[in-house]
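Quick notes on the structure that follows.
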Amino acid sequence: MDNTALDYLIGEGLGQYIDFGPSDQVFESERHEMMAAVDPKNRIPFPPVPADLARLHRSVRARKVTTVLEFGVGYSTLVMADALLKNRQDHGVFVDTKLRRNNAFEIHAVDADAEFIEKTKSLLAEDLAEIVHFHQSDVVTASVDGRVATYYENMPNISPDFIYLDAPDQFMASGDIRGISTRHPDRMPMSADILAFEHFLTPGTLILIDGRTANARYLASNLQRGWVHNHDELSDVHTFDLRELPLGPYNRLQIEYCLGSEWLDGLE
């Protein structure tokens, strides 16, 4: 366990919500453990990983994020909600009076699994529950420019400045394209949702993907704007930073306040 990350999370008060003790899940064999992540019958949530959760919390805090779009639900939802609550406490007056952000300090979490949504709701204290908006949606297999991918059928109509892509899993999508789908243990998730609204996103938006490298490479091959893609191979984390000139004065002010004026260096 990453003790530095764990110390950070406990220092932020998240130990009162999350049990960081060892998992009680028992695997019958090494193969059973290896296949657990791609077994549609496995209904046991994976234990919290402090390094991953601390990364999310630090990112939301450091970038002064106002609006989160999360694909998936779980401990990550709780951790980002806590970070947004603290952002509201520290930056709420400036955001409310100076920036054009109409879903400020909200996290919108999309997931196909109603049971996991309810489990995540049960984790949230009242002040955090006010920040989180859950969206249950089916997932369908689709042809995107002739390539097989998946879409959530219903999405929140928001403008996030931070996107965390951690769902759907490969077994959630219904349908197929000429017999091809993601529903096989040797396939992998291939979400295309971000491509549909890419051109609505404002410069300074960050996409973070934990694992899902095939999906990240798919997005890198198909996103059309000025994204800077970085893959931290040690942690297996991908980020996409939308580094473009501001769209106008409100976007510029948000970038300068949240990310710092040096973020614009080299763009102007």
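Order determines the names: the first chain of the structure tokens is A, the second B, and so forth; residues in each chain are numbered 1 upward, and ligands are numbered 1 upward as they are shown.
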
Taking 5 positions as the minimum chain separation for residues in the same chain, which residues sit within 10 Å of Thr150 of chain A when counting only C-alpha atoms? Answer as a PyMOL selection string. chain A and resi 139-144+168-170+172-176+181-182+189-193

Pick from A:Val148, A:Val68, A:Ile163, A:Ile209 nearest to His231 of chain A, counting only C-alpha atoms: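 Closest residue, counting only C-alpha atoms: A:Ile209.
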
I want to know what sits within 10 Å of Val79 of chain A, based on only C-alpha atoms, with residues of the same chain fewer than 6 positions away left out; could you give that as a PyMOL selection string? chain A and resi 9+12+14+17-18+53-58+60+85+124+128

Tell me, as a PyMOL selection string, which residues lie within 12 Å of Asn103 of chain A, counting only C-alpha atoms; anything in the same chain fewer than 4 positions away does not count. chain A and resi 65-69+84+88+92+95-96+99+107-108+131-133+156-161

Nearest to Leu165 of chain A by atom-to-atom distance, counting only C-alpha atoms, from A:Ser76, A:Ser122, A:Thr97, A:Thr4: A:Ser76

Go through segment 82-134 of chain A and collect every residue that DSSP, computed from the backbone, puts in helix (DSSP H, G or I); the answer should be as number ranges by chain. A: 82-98, 114-123, 126-129

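For Gly260 of chain A, the list of residues within 10 Å, based on only C-alpha atoms and with local chain neighbours fewer than 6 positions off taken out, reads Arg63, Leu253 and Gln254 of chain A.
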
As a compact mmCIF listing (two decimals) with N, CA and C atoms, in the first residue's frame, which residues of segment 30-152 of chain A does DSSP assign to strand (DSSP E or B)?
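Output contents, as saved in result-v8.txt:
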```txt
# COMPACT_ATOMS: atom_id res chain seq x y z
N THR A 67 -16.42 21.57 -12.16
CA THR A 67 -17.46 20.63 -12.58
C THR A 67 -16.82 19.34 -13.07
N VAL A 68 -17.22 18.22 -12.45
CA VAL A 68 -16.65 16.91 -12.78
C VAL A 68 -17.70 16.07 -13.51
N LEU A 69 -17.28 15.44 -14.60
CA LEU A 69 -18.07 14.39 -15.24
C LEU A 69 -17.33 13.08 -15.00
N GLU A 70 -17.99 12.15 -14.33
CA GLU A 70 -17.38 10.86 -14.02
C GLU A 70 -18.14 9.76 -14.73
N PHE A 71 -17.41 8.94 -15.47
CA PHE A 71 -17.98 7.73 -16.04
C PHE A 71 -17.67 6.59 -15.07
N GLU A 106 -20.20 20.73 -8.78
CA GLU A 106 -21.06 19.56 -8.93
C GLU A 106 -20.25 18.44 -9.59
N ILE A 107 -20.56 17.21 -9.19
CA ILE A 107 -20.03 16.05 -9.90
C ILE A 107 -21.21 15.27 -10.45
N HIS A 108 -21.16 14.98 -11.75
CA HIS A 108 -22.20 14.22 -12.43
C HIS A 108 -21.61 12.86 -12.78
N ALA A 109 -22.13 11.81 -12.14
CA ALA A 109 -21.59 10.46 -12.29
C ALA A 109 -22.57 9.61 -13.09
N VAL A 110 -22.08 9.04 -14.19
CA VAL A 110 -22.90 8.24 -15.09
C VAL A 110 -22.52 6.78 -14.92
N ASP A 111 -23.52 5.91 -14.74
CA ASP A 111 -23.22 4.49 -14.62
C ASP A 111 -24.44 3.69 -15.05
N VAL A 132 -23.21 15.57 -5.49
CA VAL A 132 -23.19 14.49 -6.48
C VAL A 132 -24.56 14.32 -7.13
N HIS A 133 -24.55 14.25 -8.47
CA HIS A 133 -25.76 13.98 -9.26
C HIS A 133 -25.52 12.68 -10.03
N PHE A 134 -26.35 11.69 -9.75
CA PHE A 134 -26.19 10.38 -10.39
C PHE A 134 -27.09 10.27 -11.62
N HIS A 135 -26.57 9.61 -12.65
CA HIS A 135 -27.30 9.41 -13.90
C HIS A 135 -27.17 7.95 -14.29
N GLN A 136 -28.27 7.19 -14.14
CA GLN A 136 -28.27 5.80 -14.55
C GLN A 136 -28.64 5.72 -16.01
N VAL A 139 -26.10 1.15 -21.77
CA VAL A 139 -24.96 1.30 -22.67
C VAL A 139 -25.24 0.48 -23.92
N VAL A 140 -24.94 1.05 -25.07
CA VAL A 140 -25.19 0.36 -26.33
C VAL A 140 -23.90 0.26 -27.15
N THR A 141 -23.83 -0.79 -27.95
CA THR A 141 -22.74 -0.94 -28.91
C THR A 141 -23.07 -0.13 -30.15
N ALA A 142 -22.08 0.60 -30.67
CA ALA A 142 -22.34 1.48 -31.81
C ALA A 142 -21.18 1.42 -32.79
N SER A 143 -21.46 1.82 -34.00
CA SER A 143 -20.42 1.99 -35.01
C SER A 143 -20.08 3.46 -35.09
N VAL A 144 -18.85 3.80 -34.78
CA VAL A 144 -18.39 5.19 -34.78
C VAL A 144 -17.37 5.32 -35.90
N ARG A 147 -15.99 2.01 -36.75
CA ARG A 147 -15.27 1.28 -35.71
C ARG A 147 -16.22 0.99 -34.55
N VAL A 148 -16.11 -0.20 -33.97
CA VAL A 148 -17.01 -0.61 -32.90
C VAL A 148 -16.58 0.03 -31.58
N ALA A 149 -17.54 0.67 -30.93
CA ALA A 149 -17.30 1.29 -29.63
C ALA A 149 -18.62 1.25 -28.85
N THR A 150 -18.66 1.91 -27.69
CA THR A 150 -19.88 1.92 -26.89
C THR A 150 -20.26 3.35 -26.52
N TYR A 151 -21.56 3.53 -26.30
CA TYR A 151 -22.11 4.82 -25.86
C TYR A 151 -23.07 4.59 -24.69
N TYR A 152 -23.08 5.51 -23.73
CA TYR A 152 -24.21 5.61 -22.81
C TYR A 152 -25.37 6.24 -23.58
```

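Considering only C-alpha atoms, the residue among A:Pro50, A:Gly146, A:Arg243, A:Ala114 positioned nearest to Ile10 of chain A is A:Pro50.
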
Find the distance between atom CA of His238 of chain A and atom CA of Leu208 of chain A and write it in Å to one decimal.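 Computed distance, atom CA of His238 of chain A to atom CA of Leu208 of chain A, equals 5.8 Å.
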